[in-house]
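*Asks:* Contents of final38.cif (mmCIF, C-alpha atoms) are given next:
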```cif
data_upload
#
loop_
_atom_site.group_PDB
_atom_site.id
_atom_site.type_symbol
_atom_site.label_atom_id
_atom_site.label_comp_id
_atom_site.auth_asym_id
_atom_site.auth_seq_id
_atom_site.Cartn_x
_atom_site.Cartn_y
_atom_site.Cartn_z
ATOM 1 C CA MET A 1 0.347 0.601 -15.303
ATOM 2 C CA LEU A 2 -2.674 0.766 -13.023
ATOM 3 C CA PHE A 3 -1.899 1.464 -9.355
ATOM 4 C CA LYS A 4 -5.187 1.555 -7.459
ATOM 5 C CA ILE A 5 -5.960 1.664 -3.747
ATOM 6 C CA THR A 6 -9.414 0.569 -2.514
ATOM 7 C CA PHE A 7 -10.354 1.037 1.139
ATOM 8 C CA LEU A 8 -12.392 -1.938 2.313
ATOM 9 C CA GLY A 9 -12.439 -0.987 5.993
ATOM 10 C CA THR A 10 -11.549 2.314 7.656
ATOM 11 C CA SER A 11 -12.743 2.012 11.257
ATOM 12 C CA GLY A 12 -10.759 2.040 14.448
ATOM 13 C CA THR A 13 -10.738 -0.936 16.784
ATOM 14 C CA ILE A 14 -14.517 -1.370 16.686
ATOM 15 C CA PRO A 15 -16.452 -1.501 13.391
ATOM 16 C CA SER A 16 -19.500 0.698 12.960
ATOM 17 C CA VAL A 17 -22.484 0.857 10.633
ATOM 18 C CA GLU A 18 -20.523 3.258 8.418
ATOM 19 C CA ARG A 19 -17.070 1.706 8.643
ATOM 20 C CA ASN A 20 -15.783 -1.871 8.615
ATOM 21 C CA SER A 21 -12.609 -3.148 10.279
ATOM 22 C CA PRO A 22 -9.276 -2.200 8.660
ATOM 23 C CA ALA A 23 -8.418 -3.583 5.225
ATOM 24 C CA ILE A 24 -6.946 -2.070 2.071
ATOM 25 C CA PHE A 25 -6.997 -3.710 -1.355
ATOM 26 C CA VAL A 26 -4.211 -2.761 -3.764
ATOM 27 C CA GLN A 27 -4.033 -3.466 -7.475
ATOM 28 C CA PHE A 28 -0.661 -2.879 -9.091
ATOM 29 C CA GLY A 29 -0.716 -4.030 -12.688
ATOM 30 C CA GLY A 30 -1.510 -7.743 -12.547
ATOM 31 C CA GLN A 31 -0.839 -8.039 -8.804
ATOM 32 C CA ARG A 32 -3.629 -7.942 -6.209
ATOM 33 C CA MET A 33 -2.737 -7.535 -2.535
ATOM 34 C CA LEU A 34 -4.420 -6.989 0.799
ATOM 35 C CA PHE A 35 -2.984 -4.849 3.574
ATOM 36 C CA ASP A 36 -4.645 -5.941 6.825
ATOM 37 C CA CYS A 37 -7.728 -8.129 6.850
ATOM 38 C CA GLY A 38 -10.214 -7.232 9.561
ATOM 39 C CA GLU A 39 -13.475 -8.990 10.304
ATOM 40 C CA GLY A 40 -15.801 -9.067 7.299
ATOM 41 C CA THR A 41 -13.136 -8.217 4.732
ATOM 42 C CA GLN A 42 -14.254 -10.916 2.297
ATOM 43 C CA ARG A 43 -17.772 -9.457 2.279
ATOM 44 C CA GLN A 44 -16.329 -6.015 1.601
ATOM 45 C CA MET A 45 -14.365 -7.527 -1.275
ATOM 46 C CA MET A 46 -17.574 -8.955 -2.712
ATOM 47 C CA ILE A 47 -19.285 -5.572 -2.543
ATOM 48 C CA ALA A 48 -16.255 -3.835 -4.096
ATOM 49 C CA LYS A 49 -16.037 -6.587 -6.739
ATOM 50 C CA THR A 50 -12.291 -7.011 -6.254
ATOM 51 C CA GLY A 51 -12.462 -10.797 -6.644
ATOM 52 C CA PHE A 52 -10.499 -13.443 -4.743
ATOM 53 C CA ARG A 53 -8.902 -15.459 -7.524
ATOM 54 C CA ASN A 54 -5.828 -13.303 -8.167
ATOM 55 C CA LEU A 55 -5.167 -12.348 -4.557
ATOM 56 C CA ASP A 56 -1.817 -13.977 -3.756
ATOM 57 C CA ASN A 57 -0.297 -11.765 -1.039
ATOM 58 C CA ILE A 58 -1.653 -10.476 2.270
ATOM 59 C CA PHE A 59 0.376 -8.083 4.420
ATOM 60 C CA ILE A 60 -0.614 -7.798 8.097
ATOM 61 C CA THR A 61 0.643 -4.818 10.117
ATOM 62 C CA HIS A 62 0.179 -6.362 13.572
ATOM 63 C CA LEU A 63 -1.743 -9.064 15.367
ATOM 64 C CA HIS A 64 -4.596 -7.197 16.963
ATOM 65 C CA THR A 65 -7.712 -9.046 15.879
ATOM 66 C CA ASP A 66 -9.309 -6.054 14.136
ATOM 67 C CA HIS A 67 -6.425 -6.219 11.652
ATOM 68 C CA PHE A 68 -6.217 -9.938 10.873
ATOM 69 C CA ILE A 69 -9.230 -11.951 12.073
ATOM 70 C CA GLY A 70 -10.918 -11.734 8.659
ATOM 71 C CA ILE A 71 -8.164 -13.813 7.104
ATOM 72 C CA PHE A 72 -9.687 -17.052 8.439
ATOM 73 C CA GLY A 73 -12.945 -16.691 6.560
ATOM 74 C CA LEU A 74 -11.076 -15.552 3.463
ATOM 75 C CA ILE A 75 -8.845 -18.636 3.507
ATOM 76 C CA GLU A 76 -11.922 -20.880 3.866
ATOM 77 C CA THR A 77 -13.645 -19.141 0.948
ATOM 78 C CA MET A 78 -10.593 -19.538 -1.264
ATOM 79 C CA SER A 79 -10.491 -23.235 -0.428
ATOM 80 C CA LEU A 80 -14.186 -23.690 -1.220
ATOM 81 C CA ASN A 81 -13.545 -21.942 -4.541
ATOM 82 C CA GLU A 82 -10.974 -24.686 -5.295
ATOM 83 C CA ARG A 83 -7.918 -22.484 -5.106
ATOM 84 C CA THR A 84 -4.638 -24.264 -5.933
ATOM 85 C CA LYS A 85 -2.130 -21.387 -5.951
ATOM 86 C CA ASP A 86 -0.026 -20.605 -2.883
ATOM 87 C CA LEU A 87 -1.187 -17.775 -0.640
ATOM 88 C CA ASN A 88 1.577 -15.698 0.962
ATOM 89 C CA VAL A 89 0.818 -14.056 4.298
ATOM 90 C CA TYR A 90 3.331 -11.585 5.734
ATOM 91 C CA SER A 91 3.351 -10.481 9.362
ATOM 92 C CA PRO A 92 5.682 -9.173 12.079
ATOM 93 C CA ARG A 93 4.764 -12.291 14.120
ATOM 94 C CA ALA A 94 4.868 -15.299 11.810
ATOM 95 C CA ASP A 95 5.047 -17.761 14.709
ATOM 96 C CA VAL A 96 1.647 -16.766 16.069
ATOM 97 C CA LEU A 97 -0.082 -16.920 12.673
ATOM 98 C CA LYS A 98 1.493 -20.277 11.842
ATOM 99 C CA ALA A 99 0.254 -21.730 15.125
ATOM 100 C CA LEU A 100 -3.253 -20.408 14.532
ATOM 101 C CA PHE A 101 -3.366 -21.722 10.963
ATOM 102 C CA GLU A 102 -2.235 -25.153 12.132
ATOM 103 C CA ALA A 103 -4.891 -25.124 14.858
ATOM 104 C CA PHE A 104 -7.540 -24.422 12.209
ATOM 105 C CA GLY A 105 -6.211 -27.223 10.004
ATOM 106 C CA TYR A 106 -4.992 -24.953 7.231
ATOM 107 C CA ASP A 107 -2.040 -27.242 6.638
ATOM 108 C CA GLN A 108 -4.583 -29.661 5.103
ATOM 109 C CA LEU A 109 -5.984 -27.351 2.420
ATOM 110 C CA ASN A 110 -5.738 -27.953 -1.319
ATOM 111 C CA TYR A 111 -3.314 -25.018 -1.495
ATOM 112 C CA ASP A 112 -0.408 -23.845 0.657
ATOM 113 C CA VAL A 113 -0.688 -20.878 3.021
ATOM 114 C CA LYS A 114 2.874 -19.661 3.441
ATOM 115 C CA VAL A 115 3.483 -17.398 6.433
ATOM 116 C CA LYS A 116 6.570 -15.209 6.332
ATOM 117 C CA GLU A 117 7.866 -12.830 8.994
ATOM 118 C CA LEU A 118 8.901 -9.300 8.068
ATOM 119 C CA LYS A 119 10.864 -6.823 10.140
ATOM 120 C CA ASP A 120 12.076 -3.277 9.609
ATOM 121 C CA GLY A 121 13.764 -2.928 6.203
ATOM 122 C CA ASP A 122 12.713 -6.317 4.804
ATOM 123 C CA GLU A 123 11.599 -6.255 1.173
ATOM 124 C CA VAL A 124 9.212 -8.374 -0.875
ATOM 125 C CA LYS A 125 10.091 -7.888 -4.546
ATOM 126 C CA PHE A 126 7.769 -8.094 -7.524
ATOM 127 C CA ASP A 127 8.492 -7.462 -11.206
ATOM 128 C CA ASP A 128 7.649 -3.751 -11.228
ATOM 129 C CA PHE A 129 7.706 -2.771 -7.551
ATOM 130 C CA LYS A 130 8.608 -3.851 -4.050
ATOM 131 C CA VAL A 131 6.888 -3.804 -0.678
ATOM 132 C CA VAL A 132 9.140 -2.598 2.137
ATOM 133 C CA ALA A 133 8.303 -3.216 5.791
ATOM 134 C CA PHE A 134 9.164 -0.486 8.289
ATOM 135 C CA LYS A 135 8.994 -0.385 12.077
ATOM 136 C CA THR A 136 6.063 1.436 13.623
ATOM 137 C CA GLU A 137 5.237 2.276 17.230
ATOM 138 C CA HIS A 138 2.182 0.515 18.599
ATOM 139 C CA ILE A 139 1.484 -1.366 21.849
ATOM 140 C CA VAL A 140 2.407 -4.678 20.190
ATOM 141 C CA LYS A 141 5.044 -5.592 17.613
ATOM 142 C CA SER A 142 4.040 -3.825 14.411
ATOM 143 C CA VAL A 143 5.190 -2.729 10.974
ATOM 144 C CA GLY A 144 3.898 -0.495 8.217
ATOM 145 C CA TYR A 145 4.371 -1.069 4.504
ATOM 146 C CA ALA A 146 5.671 1.065 1.653
ATOM 147 C CA ILE A 147 4.765 0.074 -1.903
ATOM 148 C CA ILE A 148 7.573 1.444 -4.064
ATOM 149 C CA GLU A 149 7.542 1.237 -7.835
ATOM 150 C CA ASN A 150 10.817 0.625 -9.665
ATOM 151 C CA ASP A 151 12.416 3.682 -11.216
ATOM 152 C CA ARG A 152 11.248 4.358 -14.743
ATOM 153 C CA ARG A 153 13.398 5.028 -17.780
ATOM 154 C CA GLY A 154 13.724 8.633 -18.860
ATOM 155 C CA LYS A 155 11.540 10.210 -21.513
ATOM 156 C CA PHE A 156 12.330 9.387 -25.126
ATOM 157 C CA ASN A 157 13.850 12.398 -26.903
ATOM 158 C CA ARG A 158 12.302 12.128 -30.358
ATOM 159 C CA GLU A 159 13.932 15.288 -31.639
ATOM 160 C CA LYS A 160 17.407 14.064 -30.709
ATOM 161 C CA ALA A 161 16.770 10.644 -32.239
ATOM 162 C CA GLU A 162 15.451 12.036 -35.506
ATOM 163 C CA LYS A 163 17.411 15.255 -36.060
ATOM 164 C CA GLU A 164 20.748 14.570 -34.364
ATOM 165 C CA LEU A 165 21.105 10.832 -34.955
ATOM 166 C CA GLY A 166 19.052 10.570 -38.126
ATOM 167 C CA ILE A 167 16.938 7.631 -36.966
ATOM 168 C CA PRO A 168 13.543 7.541 -38.698
ATOM 169 C CA PRO A 169 10.343 7.137 -36.645
ATOM 170 C CA GLY A 170 9.201 3.558 -36.287
ATOM 171 C CA PRO A 171 10.051 0.294 -34.518
ATOM 172 C CA LEU A 172 13.587 1.410 -33.655
ATOM 173 C CA TYR A 173 12.155 4.150 -31.455
ATOM 174 C CA ALA A 174 10.169 1.567 -29.494
ATOM 175 C CA LYS A 175 13.269 -0.555 -28.935
ATOM 176 C CA LEU A 176 15.281 2.391 -27.649
ATOM 177 C CA ALA A 177 12.391 3.487 -25.411
ATOM 178 C CA ARG A 178 12.374 -0.042 -23.897
ATOM 179 C CA GLY A 179 16.062 0.296 -23.094
ATOM 180 C CA GLU A 180 17.382 -1.814 -25.979
ATOM 181 C CA THR A 181 20.525 -0.990 -27.973
ATOM 182 C CA ILE A 182 20.173 -0.775 -31.766
ATOM 183 C CA VAL A 183 22.456 -0.466 -34.762
ATOM 184 C CA TRP A 184 21.617 2.240 -37.305
ATOM 185 C CA LYS A 185 23.710 2.651 -40.479
ATOM 186 C CA GLY A 186 26.589 0.782 -38.882
ATOM 187 C CA LYS A 187 26.550 2.869 -35.715
ATOM 188 C CA VAL A 188 25.656 1.492 -32.298
ATOM 189 C CA ILE A 189 22.937 3.589 -30.636
ATOM 190 C CA THR A 190 22.477 3.014 -26.909
ATOM 191 C CA PRO A 191 19.336 4.040 -24.982
ATOM 192 C CA ASP A 192 21.183 6.665 -22.924
ATOM 193 C CA MET A 193 21.803 8.583 -26.142
ATOM 194 C CA VAL A 194 18.088 9.296 -26.577
ATOM 195 C CA LEU A 195 16.560 8.892 -23.109
ATOM 196 C CA GLY A 196 16.352 11.559 -20.438
ATOM 197 C CA GLU A 197 17.140 11.116 -16.758
ATOM 198 C CA THR A 198 15.648 8.175 -14.869
ATOM 199 C CA ARG A 199 12.294 9.040 -13.280
ATOM 200 C CA LYS A 200 11.245 7.975 -9.810
ATOM 201 C CA GLY A 201 8.429 5.451 -9.588
ATOM 202 C CA ARG A 202 5.269 5.955 -7.549
ATOM 203 C CA LYS A 203 5.155 5.321 -3.814
ATOM 204 C CA VAL A 204 2.329 4.646 -1.354
ATOM 205 C CA VAL A 205 2.907 4.235 2.390
ATOM 206 C CA TYR A 206 0.486 2.610 4.840
ATOM 207 C CA THR A 207 1.298 2.886 8.541
ATOM 208 C CA GLY A 208 -1.249 0.612 10.188
ATOM 209 C CA ASP A 209 -1.718 1.531 13.866
ATOM 210 C CA THR A 210 1.094 3.735 15.118
ATOM 211 C CA ARG A 211 2.301 6.760 16.971
ATOM 212 C CA PRO A 212 4.001 9.312 14.680
ATOM 213 C CA THR A 213 7.644 8.304 14.134
ATOM 214 C CA GLU A 214 10.764 9.540 12.370
ATOM 215 C CA ARG A 215 10.954 6.175 10.617
ATOM 216 C CA THR A 216 7.602 6.855 8.985
ATOM 217 C CA VAL A 217 8.776 10.304 7.901
ATOM 218 C CA GLU A 218 11.926 8.766 6.453
ATOM 219 C CA ILE A 219 10.248 6.042 4.398
ATOM 220 C CA ALA A 220 7.351 8.281 3.317
ATOM 221 C CA ARG A 221 9.665 10.997 1.982
ATOM 222 C CA ASN A 222 8.113 12.449 -1.218
ATOM 223 C CA ALA A 223 5.491 9.674 -1.369
ATOM 224 C CA ASP A 224 2.517 10.088 -3.671
ATOM 225 C CA LEU A 225 0.196 8.915 -0.913
ATOM 226 C CA LEU A 226 0.521 8.471 2.841
ATOM 227 C CA ILE A 227 -2.231 6.466 4.554
ATOM 228 C CA HIS A 228 -1.831 7.217 8.258
ATOM 229 C CA ASP A 229 -3.500 6.244 11.501
ATOM 230 C CA ALA A 230 -5.621 9.209 12.677
ATOM 231 C CA SER A 231 -7.788 7.700 15.369
ATOM 232 C CA PHE A 232 -8.451 10.790 17.478
ATOM 233 C CA LYS A 233 -8.470 14.566 17.728
ATOM 234 C CA GLU A 234 -5.856 16.489 19.681
ATOM 235 C CA ASP A 235 -8.073 16.711 22.749
ATOM 236 C CA LEU A 236 -7.539 12.957 23.130
ATOM 237 C CA ARG A 237 -3.788 12.985 22.538
ATOM 238 C CA GLU A 238 -3.050 11.416 25.925
ATOM 239 C CA TRP A 239 -5.316 8.498 25.082
ATOM 240 C CA ALA A 240 -3.686 8.256 21.655
ATOM 241 C CA ILE A 241 -0.280 7.987 23.317
ATOM 242 C CA GLU A 242 -1.493 5.378 25.804
ATOM 243 C CA SER A 243 -3.178 3.246 23.139
ATOM 244 C CA GLY A 244 -0.411 3.580 20.531
ATOM 245 C CA HIS A 245 -2.333 5.646 17.969
ATOM 246 C CA SER A 246 -2.032 9.078 16.359
ATOM 247 C CA THR A 247 -4.172 12.173 16.272
ATOM 248 C CA ALA A 248 -5.218 13.770 12.995
ATOM 249 C CA ARG A 249 -2.868 16.676 13.630
ATOM 250 C CA GLU A 250 0.038 14.320 14.291
ATOM 251 C CA ALA A 251 -0.654 12.453 11.044
ATOM 252 C CA ALA A 252 -0.650 15.784 9.207
ATOM 253 C CA GLU A 253 2.653 16.746 10.816
ATOM 254 C CA VAL A 254 4.189 13.505 9.549
ATOM 255 C CA ALA A 255 2.838 14.195 6.044
ATOM 256 C CA LYS A 256 4.258 17.715 6.079
ATOM 257 C CA ALA A 257 7.662 16.602 7.367
ATOM 258 C CA ALA A 258 7.834 13.868 4.718
ATOM 259 C CA ASN A 259 6.733 16.210 1.909
ATOM 260 C CA VAL A 260 4.132 13.740 0.647
ATOM 261 C CA LYS A 261 1.719 14.723 -2.097
ATOM 262 C CA LYS A 262 -1.468 13.548 -0.381
ATOM 263 C CA LEU A 263 -2.509 12.346 3.072
ATOM 264 C CA VAL A 264 -5.359 9.919 3.768
ATOM 265 C CA LEU A 265 -6.584 9.613 7.348
ATOM 266 C CA THR A 266 -7.814 6.178 8.401
ATOM 267 C CA HIS A 267 -8.464 3.982 11.470
ATOM 268 C CA ILE A 268 -11.242 6.374 12.433
ATOM 269 C CA SER A 269 -12.565 6.028 15.976
ATOM 270 C CA THR A 270 -16.285 5.347 16.343
ATOM 271 C CA ARG A 271 -16.512 8.813 17.924
ATOM 272 C CA TYR A 272 -16.197 10.252 14.428
ATOM 273 C CA SER A 273 -17.655 7.405 12.387
ATOM 274 C CA LYS A 274 -20.665 9.335 11.091
ATOM 275 C CA ASP A 275 -18.903 12.683 10.827
ATOM 276 C CA ALA A 276 -15.123 12.803 10.535
ATOM 277 C CA THR A 277 -15.109 16.534 9.743
ATOM 278 C CA PRO A 278 -13.408 17.419 13.058
ATOM 279 C CA LEU A 279 -10.468 15.141 12.151
ATOM 280 C CA LEU A 280 -10.267 16.555 8.633
ATOM 281 C CA GLU A 281 -10.344 20.168 9.791
ATOM 282 C CA GLU A 282 -7.669 19.516 12.393
ATOM 283 C CA ALA A 283 -5.348 17.856 9.872
ATOM 284 C CA LYS A 284 -5.885 20.510 7.200
ATOM 285 C CA GLU A 285 -4.632 23.206 9.564
ATOM 286 C CA VAL A 286 -1.225 21.556 9.131
ATOM 287 C CA PHE A 287 -1.418 19.784 5.753
ATOM 288 C CA ARG A 288 -3.957 21.025 3.219
ATOM 289 C CA ASN A 289 -4.060 18.084 0.813
ATOM 290 C CA THR A 290 -5.754 15.741 3.269
ATOM 291 C CA ILE A 291 -8.835 13.541 2.945
ATOM 292 C CA VAL A 292 -10.548 11.078 5.273
ATOM 293 C CA ALA A 293 -10.842 7.502 4.003
ATOM 294 C CA LYS A 294 -14.304 5.985 3.583
ATOM 295 C CA ASP A 295 -15.243 2.376 2.989
ATOM 296 C CA PHE A 296 -15.144 1.547 -0.752
ATOM 297 C CA MET A 297 -13.327 4.758 -1.632
ATOM 298 C CA SER A 298 -10.760 4.192 -4.399
ATOM 299 C CA ILE A 299 -7.719 6.246 -5.339
ATOM 300 C CA GLU A 300 -5.769 5.741 -8.540
ATOM 301 C CA VAL A 301 -2.137 6.736 -8.062
ATOM 302 C CA LYS A 302 -1.077 8.315 -11.312
ATOM 303 C CA TYR A 303 2.301 9.231 -12.740
ATOM 304 C CA ASN A 304 3.522 12.791 -12.466
ATOM 305 C CA SER A 305 3.168 14.941 -15.552
ATOM 306 C CA ASP A 306 6.870 14.379 -16.313
#
```
Transcribe the structure of this file into structure tokens.

*Replies:*
Amino acid sequence: MLFKITFLGTSGTIPSVERNSPAIFVQFGGQRMLFDCGEGTQRQMMIAKTGFRNLDNIFITHLHTDHFIGIFGLIETMSLNERTKDLNVYSPRADVLKALFEAFGYDQLNYDVKVKELKDGDEVKFDDFKVVAFKTEHIVKSVGYAIIENDRRGKFNREKAEKELGIPPGPLYAKLARGETIVWKGKVITPDMVLGETRKGRKVVYTGDTRPTERTVEIARNADLLIHDASFKEDLREWAIESGHSTAREAAEVAKAANVKKLVLTHISTRYSKDATPLLEEAKEVFRNTIVAKDFMSIEVKYNSD
């Protein structure tokens, strides 16, 4: 099942020529989601050819305008395109968004915009995965989001099925691999008899704007991908603390503590917009498998070789 992350905006508070305001587009199987929706996100979506039609869920990390102001134009565009499906918008401050949407007359659209508040530990469940909100540390109420795939069934043991149980290759194998019980020559064969141990699903964690926290380390444990605020270098740590952001080194320390497979630095200050090498070098001193996000960069999160 395809699990693809596309970065639509990777700047800090102010967009630049090279980087748009924060927004991440996620495709998980048939689901399309946005995480944050800064100014100009719908244009970025057009360039990336993500489409609007199947976008049903938007997750906002916090209500600083660089992270949500683009939602207004997107809602208008969806309406003009004669959308009829509900649009779900999740935020740590549902009351503020609801009031703004009412002020803009979005309660009169030809589709419903449903605003739902999420706090630390809240889950939004889908068929094959869930999105878990977790508390972050910014200068306003904020959350990050972990996209966690359901555990997968164990590998099918063909040799055991064929040689030990005498089941011939064919449709019965497919049923057992799907977790269905079969009857073969009068004997009940359950999936656990031919399947290995359950395998962990994939996990991607996006922090939004935050200081490094133990909560992030906890929820990002063994994640395939950690997308972390890395606004500044260490020489600006005091400003990072004051403004509720992280340095590249701090993001790398979180990645190392959480034992993630890969770290992506984002929310890049305009100081490094043209050349983010200083941030990358600083992070790699702590965590080697680090890259810096760029607008329109895509990452496909693949299964482990197991």

*Asks:* Kindly resolve the PyMOL selection byres ((chain A and resi 25) around 10) on the present coordinates and return the residues as a ChimeraX atom specification.

*Replies:* /A:4-9,23-24,26-27,32-37,41,45,48,50,55,58,296,298

*Asks:* May I have the residues from that selection written out with C-alpha atoms, as a PDB file, in the frame of the given file?

*Replies:*
```pdb
ATOM      1  CA  LYS A   4      -5.187   1.555  -7.459  1.00  0.00           C
ATOM      2  CA  ILE A   5      -5.960   1.664  -3.747  1.00  0.00           C
ATOM      3  CA  THR A   6      -9.414   0.569  -2.514  1.00  0.00           C
ATOM      4  CA  PHE A   7     -10.354   1.037   1.139  1.00  0.00           C
ATOM      5  CA  LEU A   8     -12.392  -1.938   2.313  1.00  0.00           C
ATOM      6  CA  GLY A   9     -12.439  -0.987   5.993  1.00  0.00           C
ATOM      7  CA  ALA A  23      -8.418  -3.583   5.225  1.00  0.00           C
ATOM      8  CA  ILE A  24      -6.946  -2.070   2.071  1.00  0.00           C
ATOM      9  CA  VAL A  26      -4.211  -2.761  -3.764  1.00  0.00           C
ATOM     10  CA  GLN A  27      -4.033  -3.466  -7.475  1.00  0.00           C
ATOM     11  CA  ARG A  32      -3.629  -7.942  -6.209  1.00  0.00           C
ATOM     12  CA  MET A  33      -2.737  -7.535  -2.535  1.00  0.00           C
ATOM     13  CA  LEU A  34      -4.420  -6.989   0.799  1.00  0.00           C
ATOM     14  CA  PHE A  35      -2.984  -4.849   3.574  1.00  0.00           C
ATOM     15  CA  ASP A  36      -4.645  -5.941   6.825  1.00  0.00           C
ATOM     16  CA  CYS A  37      -7.728  -8.129   6.850  1.00  0.00           C
ATOM     17  CA  THR A  41     -13.136  -8.217   4.732  1.00  0.00           C
ATOM     18  CA  MET A  45     -14.365  -7.527  -1.275  1.00  0.00           C
ATOM     19  CA  ALA A  48     -16.255  -3.835  -4.096  1.00  0.00           C
ATOM     20  CA  THR A  50     -12.291  -7.011  -6.254  1.00  0.00           C
ATOM     21  CA  LEU A  55      -5.167 -12.348  -4.557  1.00  0.00           C
ATOM     22  CA  ILE A  58      -1.653 -10.476   2.270  1.00  0.00           C
ATOM     23  CA  PHE A 296     -15.144   1.547  -0.752  1.00  0.00           C
ATOM     24  CA  SER A 298     -10.760   4.192  -4.399  1.00  0.00           C
TER      25      SER A 298
END
```

*Asks:* List as a ChimeraX atom specification the protein and nucleic acid residues near A:Arg215, meaning an atom at most 9 Å away when only C-alpha atoms are counted, but skip any in the same chain fewer than 4 places from it.

*Replies:* /A:134-136,219-220

*Asks:* Based on the selection just made, write C-alpha atoms of those residues as a short mmCIF file (atom, residue, chain, number, x, y, z; two decimals), keeping the file's coordinate frame.

*Replies:*
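What follows is the written file part_17.cif:
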```
data_model
loop_
_atom_site.label_atom_id
_atom_site.label_comp_id
_atom_site.auth_asym_id
_atom_site.auth_seq_id
_atom_site.Cartn_x
_atom_site.Cartn_y
_atom_site.Cartn_z
CA PHE A 134 9.16 -0.49 8.29
CA LYS A 135 8.99 -0.38 12.08
CA THR A 136 6.06 1.44 13.62
CA ILE A 219 10.25 6.04 4.40
CA ALA A 220 7.35 8.28 3.32
#
```

*Asks:* Would you kindly return, as a PyMOL selection string, each protein, DNA or RNA residue with an atom no farther than 12 Å from any atom of A:Leu226, considering only C-alpha atoms and excluding same-chain residues fewer than 5 positions away?

*Replies:* chain A and resi 5+144-147+202-208+216-221+251-266+287+289-293+299+301

*Asks:* Just to be explicit: take each residue in the selection above, keep C-alpha atoms, and write the result as a PDB file, in the frame of the given file.

*Replies:*
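Output saved as result02.pdb:
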```pdb
ATOM      1  CA  ILE A   5      -5.960   1.664  -3.747  1.00  0.00           C
ATOM      2  CA  GLY A 144       3.898  -0.495   8.217  1.00  0.00           C
ATOM      3  CA  TYR A 145       4.371  -1.069   4.504  1.00  0.00           C
ATOM      4  CA  ALA A 146       5.671   1.065   1.653  1.00  0.00           C
ATOM      5  CA  ILE A 147       4.765   0.074  -1.903  1.00  0.00           C
ATOM      6  CA  ARG A 202       5.269   5.955  -7.549  1.00  0.00           C
ATOM      7  CA  LYS A 203       5.155   5.321  -3.814  1.00  0.00           C
ATOM      8  CA  VAL A 204       2.329   4.646  -1.354  1.00  0.00           C
ATOM      9  CA  VAL A 205       2.907   4.235   2.390  1.00  0.00           C
ATOM     10  CA  TYR A 206       0.486   2.610   4.840  1.00  0.00           C
ATOM     11  CA  THR A 207       1.298   2.886   8.541  1.00  0.00           C
ATOM     12  CA  GLY A 208      -1.249   0.612  10.188  1.00  0.00           C
ATOM     13  CA  THR A 216       7.602   6.855   8.985  1.00  0.00           C
ATOM     14  CA  VAL A 217       8.776  10.304   7.901  1.00  0.00           C
ATOM     15  CA  GLU A 218      11.926   8.766   6.453  1.00  0.00           C
ATOM     16  CA  ILE A 219      10.248   6.042   4.398  1.00  0.00           C
ATOM     17  CA  ALA A 220       7.351   8.281   3.317  1.00  0.00           C
ATOM     18  CA  ARG A 221       9.665  10.997   1.982  1.00  0.00           C
ATOM     19  CA  ALA A 251      -0.654  12.453  11.044  1.00  0.00           C
ATOM     20  CA  ALA A 252      -0.650  15.784   9.207  1.00  0.00           C
ATOM     21  CA  GLU A 253       2.653  16.746  10.816  1.00  0.00           C
ATOM     22  CA  VAL A 254       4.189  13.505   9.549  1.00  0.00           C
ATOM     23  CA  ALA A 255       2.838  14.195   6.044  1.00  0.00           C
ATOM     24  CA  LYS A 256       4.258  17.715   6.079  1.00  0.00           C
ATOM     25  CA  ALA A 257       7.662  16.602   7.367  1.00  0.00           C
ATOM     26  CA  ALA A 258       7.834  13.868   4.718  1.00  0.00           C
ATOM     27  CA  ASN A 259       6.733  16.210   1.909  1.00  0.00           C
ATOM     28  CA  VAL A 260       4.132  13.740   0.647  1.00  0.00           C
ATOM     29  CA  LYS A 261       1.719  14.723  -2.097  1.00  0.00           C
ATOM     30  CA  LYS A 262      -1.468  13.548  -0.381  1.00  0.00           C
ATOM     31  CA  LEU A 263      -2.509  12.346   3.072  1.00  0.00           C
ATOM     32  CA  VAL A 264      -5.359   9.919   3.768  1.00  0.00           C
ATOM     33  CA  LEU A 265      -6.584   9.613   7.348  1.00  0.00           C
ATOM     34  CA  THR A 266      -7.814   6.178   8.401  1.00  0.00           C
ATOM     35  CA  PHE A 287      -1.418  19.784   5.753  1.00  0.00           C
ATOM     36  CA  ASN A 289      -4.060  18.084   0.813  1.00  0.00           C
ATOM     37  CA  THR A 290      -5.754  15.741   3.269  1.00  0.00           C
ATOM     38  CA  ILE A 291      -8.835  13.541   2.945  1.00  0.00           C
ATOM     39  CA  VAL A 292     -10.548  11.078   5.273  1.00  0.00           C
ATOM     40  CA  ALA A 293     -10.842   7.502   4.003  1.00  0.00           C
ATOM     41  CA  ILE A 299      -7.719   6.246  -5.339  1.00  0.00           C
ATOM     42  CA  VAL A 301      -2.137   6.736  -8.062  1.00  0.00           C
TER      43      VAL A 301
END
```

*Asks:* Using only C-alpha atoms for the distances, tell me which of A:Met1, A:Ile227, A:Leu172, A:Lys125 is nearest to A:Thr210.

*Replies:*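 Nearest candidate to A:Thr210 out of A:Met1, A:Ile227, A:Leu172, A:Lys125: A:Ile227.
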
*Asks:* Name the residues captured by the PyMOL selection byres ((chain A and resi 240) around 12) when it is applied to the shown file; answer as JSON, numbers by chain.

*Replies:* {"A": [12, 137, 138, 139, 209, 210, 211, 212, 229, 230, 231, 232, 233, 234, 235, 236, 237, 238, 239, 241, 242, 243, 244, 245, 246, 247, 248, 249, 250, 251, 269]}

*Asks:* Decode the PyMOL selection byres ((chain A and resi 155) around 9) for the given file into explicit residues and return them as a PyMOL selection string.

*Replies:* chain A and resi 152-154+156-157+177+194-199+306

*Asks:* Measuring between only C-alpha atoms, which one of A:Leu225, A:Val115, A:Leu109, A:Val132 shows the shortest distance to A:Ile148?

*Replies:*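 That would be A:Val132, the residue with the smallest distance to A:Ile148.
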
*Asks:* Which residues come within 10 Å of A:Gly29, counting only C-alpha atoms, excluding same-chain residues fewer than 6 positions away, as a list in words?

*Replies:*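 Listed by chain and then number, they are Met1, Leu2, Phe3, Lys4, Asp127, Asp128 and Phe129 of chain A.
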